[in-house]
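*Asks:* Dropping a structure here in structure tokens format, bear with me for questions.
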Amino acid sequence: MKITHRYLVEGLVFTSYVLFAMAWVGGTASMGSIMASMHIDSLASASFISGAVTLAKIVGTFSAAYVAVKFGIKYAFLLAALLIVVGIVTPFATNYELLLVSRFLMGLGGAFMIVYFNPIVMLWFAPEDRPVINGLNAVAFNVGTAIILWGMTGINAITGSWQSSLVLFSAASLILAILWLLVKFDTPAPTVHAAGAEPAIYGYLEGLKDQFNWAYAFTYSGLLSFYICLFTFYPQAGISQSKWVIGFGIVGTIAGMLYSRKNPLRLPIIRWSGLIIVITVLGLSFSTQPWLQVLCAIVLGFFIFFPVTALVSIPHELPMMTGQKITVVFSLFWSISYLVSTIVLWVFGKLVDLSDGSYFGSFVMITILSGTVFVGSYFLPETGKPKELI
């Protein structure tokens, strides 16, 4: 039996990443119990785990295009899925080193997978369907995260323990990886230049020379930096409204999918959402009124994800785009964005240390950086076609 229907393929892709999010966030939520079982109470050891996660994201997203060229997109995605399954080791890790390796490999699989969404969408879906599918893939991690944030206690009650829950998530991921082997991929015809029959090559070197990739990564990097800081530092600063951002992020993504399907112009939704993001980050960070912080978190969550469908659709709509080229584009997009966010995360913490525990300077910095979505929209091409509005 072969899986050839595009929506079954998308179902496998979407659910695979939801399960990755559940296993990843579920493991993070259980990290206290995991480290306690190994009698580890060192903050330095905990920071090494975070560092391994960050390294996996940077290395994984950057090398994803090479892996796809080497093995083909079908088996590259399979490799990503199997690396995610390695998370099954986490609840059984008997020492810190094994725990570190399992989290790194699992993070590497997730980093690969997020890059491979795009060539798979390009190969299986017509241009008019891609915005909705891109939006659906963009919300997968939030769906998995939301399930854990609101349902982990219930899941643990059903399975009997957090260890059993993590094993269940990994086992489900393994089943999806096996089903992925049934997906039938047709080898695409080689892309040629307009002037001749020579295959078009777009590798890392060409990607790094392409100004679009730098503008594209810049647009998202500040927002990603804020998003990571939101879950890393904001609770320590006494701001605990992050769950509202996650919940309304799902609502915003769905709204963005519907909007982008009817309104093909990409830049207006990105630009205006970027402006609202800056205003709500300002309110969340500096307001002393809990109700206003909750309101800002709700609006912020919606508008962080509302323009994602439009943003992700832009590379798909560029002239002469191919599956190989879009893999490189998103490989660079994610690796540059994560590299910037890693530096920002360090600077954020350093500013707090230098300010004797005050978050004021750090909040000013991250609020300014959240404006990259608004500023970056002026450097991106408009790929939507106004005539489609008729």
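The way I read the labels, and the way they are meant: chains A, B, ... in the order of the structure tokens, residue 1 as the first residue of every chain, and ligand 1 as the first ligand shown, with later ones counted on from there.
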Could you make a table, as CSV, of the residues of stretch 186-285 of chain A that have an atom within 12 Å of an atom of stretch 342-361 of chain A, each with its nearest atom pair and distance in Å to one decimal, counting only C-alpha atoms, in chain and number order?

*Replies:*
```
residue,atom,partner,partner_atom,distance
A:Ser221,CA,A:Val344,CA,9.6
A:Gly222,CA,A:Val344,CA,8.6
A:Leu223,CA,A:Val344,CA,11.0
A:Leu224,CA,A:Thr342,CA,9.8
A:Ser225,CA,A:Val344,CA,6.4
A:Phe226,CA,A:Leu345,CA,8.6
A:Tyr227,CA,A:Leu345,CA,10.3
A:Ile228,CA,A:Leu345,CA,7.7
A:Cys229,CA,A:Leu345,CA,6.4
A:Leu230,CA,A:Leu345,CA,10.2
A:Phe231,CA,A:Leu345,CA,11.1
A:Thr232,CA,A:Leu345,CA,8.6
A:Phe233,CA,A:Gly349,CA,8.0
A:Tyr234,CA,A:Tyr359,CA,9.1
A:Pro235,CA,A:Tyr359,CA,11.6
A:Gln236,CA,A:Tyr359,CA,9.8
A:Ala237,CA,A:Tyr359,CA,7.0
A:Gly238,CA,A:Tyr359,CA,10.4
A:Ile239,CA,A:Tyr359,CA,11.2
A:Leu282,CA,A:Phe360,CA,11.3
A:Ser285,CA,A:Phe360,CA,8.6
```

*Asks:* Give me, as a tab-separated table, the closest atom pair and its distance (Å, one decimal) for every residue of stretch 94-155 of chain A within a cut-off of 9 Å of stretch 241-252 of chain A, counting only C-alpha atoms, rows sorted by chain and rising number.

*Replies:*
```
residue	atom	partner	partner_atom	distance
A:Val139	CA	A:Ile250	CA	6.1
A:Ala140	CA	A:Ile250	CA	8.8
A:Asn142	CA	A:Ile246	CA	6.2
A:Val143	CA	A:Ile250	CA	7.0
A:Thr145	CA	A:Ile246	CA	7.7
A:Ala146	CA	A:Gly247	CA	6.6
A:Leu149	CA	A:Lys243	CA	7.6
```

*Asks:* Set the distance at 10 Å and use only C-alpha atoms: which residues neighbour A:Val281 once local chain neighbours fewer than 3 positions away are removed? I'd like the list as a VMD selection string.

*Replies:* chain A and resid 226 230 276 to 278 284 to 287 293 296 to 297 299 to 300 363 to 364 366 to 368 370 to 371

*Asks:* Each residue of stretch 279-354 of chain A lying at most 12 Å from stretch 206-211 of chain A should get a row with its shortest atom-to-atom pair and the distance in Å to one decimal, counting only C-alpha atoms; could you produce that, ordered by chain and increasing number, as a tab-separated table?

*Replies:*
```
residue	atom	partner	partner_atom	distance
A:Gln324	CA	A:Gly207	CA	11.4
A:Lys325	CA	A:Gly207	CA	8.4
A:Ile326	CA	A:Gly207	CA	9.9
A:Thr327	CA	A:Gly207	CA	10.3
A:Val328	CA	A:Gly207	CA	6.7
A:Val329	CA	A:Gly207	CA	6.6
A:Phe330	CA	A:Gly207	CA	9.9
A:Ser331	CA	A:Gly207	CA	9.5
A:Leu332	CA	A:Gly207	CA	7.4
A:Phe333	CA	A:Gly207	CA	9.9
A:Ser335	CA	A:Leu208	CA	11.8
A:Ile336	CA	A:Leu208	CA	10.4
```

*Asks:* Just list the residues in stretch 43-199 of chain A DSSP gives alpha helix (DSSP H) on the backbone, as a PyMOL selection string.

*Replies:* chain A and resi 43-71+73-85+96-124+130-138+140-159+162-180

*Asks:* Take atom CA of A:Leu82 and atom CA of A:Ile158 and report the distance between them in Å, one decimal.

*Replies:*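 According to the coordinates, atom CA of A:Leu82 and atom CA of A:Ile158 are separated by 25.7 Å.
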
*Asks:* Here is a test: counting only C-alpha atoms, which residue of A:Val101, A:Leu205, A:Met320, A:Val132 is nearest to A:Ser260?

*Replies:*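 Looking at the shortest contact to A:Ser260, the residue is A:Val132.
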
*Asks:* Name the closest residue to A:Met106 among the candidates A:Met152, A:Val25, A:Ala310, A:Val183; distances are taken between atoms, counting only C-alpha atoms.

*Replies:*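 Distance minimum relative to A:Met106 lands on A:Val25.
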
*Asks:* Just the residues within 10 Å of stretch 314-319 of chain A, please, counting only C-alpha atoms, with nothing from its chain fewer than 5 positions along; format it as an MDAnalysis selection string.

*Replies:* chainID A and resid 118:119 121:122 127 130:131 134 212:213 216 265:267 309 325:326 329:330 380:385

*Asks:* Go ahead and write the residues just picked, N, CA and C atoms, as a tab-separated table (two decimals), in the first residue's frame.

*Replies:*
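Wrote selection.tsv, looks like this:
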```tsv
chain	number	residue	atom	x	y	z
A	118	ASN	N	8.43	22.88	4.04
A	118	ASN	CA	8.26	23.71	2.85
A	118	ASN	C	8.47	22.99	1.53
A	119	PRO	N	9.55	22.20	1.34
A	119	PRO	CA	9.63	21.44	0.10
A	119	PRO	C	8.52	20.41	-0.05
A	121	VAL	N	5.39	20.77	1.13
A	121	VAL	CA	4.20	21.54	0.72
A	121	VAL	C	4.30	21.91	-0.76
A	122	MET	N	5.48	22.35	-1.20
A	122	MET	CA	5.66	22.75	-2.59
A	122	MET	C	5.45	21.58	-3.54
A	127	PRO	N	-0.26	25.95	-5.79
A	127	PRO	CA	0.02	27.27	-5.20
A	127	PRO	C	-1.14	27.87	-4.43
A	130	ARG	N	-1.30	26.33	-0.86
A	130	ARG	CA	-0.13	26.38	0.01
A	130	ARG	C	-0.27	27.31	1.21
A	131	PRO	N	-0.88	28.50	1.07
A	131	PRO	CA	-1.00	29.36	2.25
A	131	PRO	C	-1.68	28.68	3.44
A	134	ASN	N	0.64	25.92	4.80
A	134	ASN	CA	1.75	26.55	5.52
A	134	ASN	C	1.30	27.04	6.90
A	212	PHE	N	17.66	38.55	-0.17
A	212	PHE	CA	16.33	38.19	0.34
A	212	PHE	C	16.43	37.37	1.60
A	213	ASN	N	17.34	36.40	1.64
A	213	ASN	CA	17.44	35.52	2.79
A	213	ASN	C	17.81	36.28	4.06
A	216	TYR	N	14.75	38.33	5.06
A	216	TYR	CA	13.71	37.40	5.52
A	216	TYR	C	13.99	36.96	6.96
A	265	LEU	N	-2.32	39.67	-0.91
A	265	LEU	CA	-1.22	40.59	-0.62
A	265	LEU	C	-0.61	40.23	0.74
A	266	ARG	N	0.71	40.05	0.78
A	266	ARG	CA	1.38	39.54	1.97
A	266	ARG	C	1.88	40.63	2.92
A	267	LEU	N	2.39	41.73	2.39
A	267	LEU	CA	3.07	42.71	3.23
A	267	LEU	C	2.16	43.49	4.18
A	309	THR	N	1.24	32.87	8.25
A	309	THR	CA	0.88	32.26	6.96
A	309	THR	C	1.38	33.10	5.81
A	325	LYS	N	15.67	24.78	-3.82
A	325	LYS	CA	15.98	26.16	-3.43
A	325	LYS	C	15.23	26.55	-2.15
A	326	ILE	N	13.97	26.16	-2.05
A	326	ILE	CA	13.20	26.56	-0.87
A	326	ILE	C	13.70	25.86	0.39
A	329	VAL	N	16.54	28.08	1.40
A	329	VAL	CA	16.01	29.35	1.91
A	329	VAL	C	15.55	29.18	3.37
A	330	PHE	N	14.78	28.14	3.65
A	330	PHE	CA	14.28	27.97	5.01
A	330	PHE	C	15.34	27.42	5.95
A	380	LEU	N	11.04	43.28	2.27
A	380	LEU	CA	10.59	42.05	1.63
A	380	LEU	C	9.80	42.36	0.36
A	381	PRO	N	9.84	41.49	-0.63
A	381	PRO	CA	9.07	41.70	-1.85
A	381	PRO	C	7.60	41.35	-1.63
A	382	GLU	N	6.71	42.04	-2.32
A	382	GLU	CA	5.30	41.68	-2.31
A	382	GLU	C	5.08	40.62	-3.37
A	383	THR	N	4.79	39.40	-2.92
A	383	THR	CA	4.62	38.28	-3.86
A	383	THR	C	3.16	38.01	-4.19
A	384	GLY	N	2.24	38.61	-3.44
A	384	GLY	CA	0.82	38.44	-3.75
A	384	GLY	C	0.43	39.18	-5.01
A	385	LYS	N	-0.56	38.69	-5.68
A	385	LYS	CA	-1.01	39.28	-6.95
A	385	LYS	C	-2.36	39.96	-6.74
```

*Asks:* With only C-alpha atoms as the basis for distance, which of A:Leu311, A:Ile178, A:Met22, A:Leu12 is at the shortest distance from A:Pro264?

*Replies:*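 With only C-alpha atoms as the atom set, the closest residue is A:Leu311.
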
*Asks:* Just give me the gap between atom CA of A:Phe77 and atom CA of A:Ala172 in Å, one decimal is fine.

*Replies:*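 These atoms are spaced 16.0 Å apart.
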
*Asks:* Can you tell me, as a compact mmCIF listing (two decimals) with C-alpha atoms, in the first residue's frame, what residues are no more than 8 Å from A:Leu136 when counting only C-alpha atoms, ignoring any on the same chain fewer than 5 positions away?

*Replies:*
```txt
# COMPACT_ATOMS: atom_id res chain seq x y z
CA PHE A 14 1.32 17.94 10.91
CA THR A 253 -2.87 31.27 13.06
CA ILE A 254 -6.29 30.00 12.03
CA MET A 257 -4.89 31.11 7.24
```

*Asks:* Identify which of the residues A:Leu182, A:Val340, A:Ile304, A:Ala177 lies closest to A:His5, counting only C-alpha atoms when measuring atom-to-atom distances.

*Replies:*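 Comparing A:Leu182, A:Val340, A:Ile304, A:Ala177 against A:His5, the winner is A:Leu182.
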
*Asks:* Give me the residues near A:Gly110 as a list in words, where near means some atom within 10 Å (using only C-alpha atoms) and where sequence neighbours in that chain fewer than 4 positions away do not count.

*Replies:*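 Near neighbours after the sequence-gap exclusion: Ser16, Tyr17, Phe20, Ala21, Trp24, Ala56, Lys57, Gly60, Thr61, Phe77, Ala80, Ala81, Leu83, Ile84, Phe104, Leu105, Met106, Ile114, Val115, Tyr116 and Phe141 of chain A.
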
*Asks:* Which of these, A:Asn263, A:Leu166, A:Ile201, A:Phe374, has the shortest distance to A:Ile279 once you count only C-alpha atoms?

*Replies:*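 That would be A:Phe374, the residue with the smallest distance to A:Ile279.
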
*Asks:* Restricting the calculation to only C-alpha atoms: of A:Trp162, A:Phe305, A:Tyr220, A:Trp150, which residue gets closest to A:Tyr338?

*Replies:*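 Among the listed residues, A:Tyr220 lies closest to A:Tyr338.
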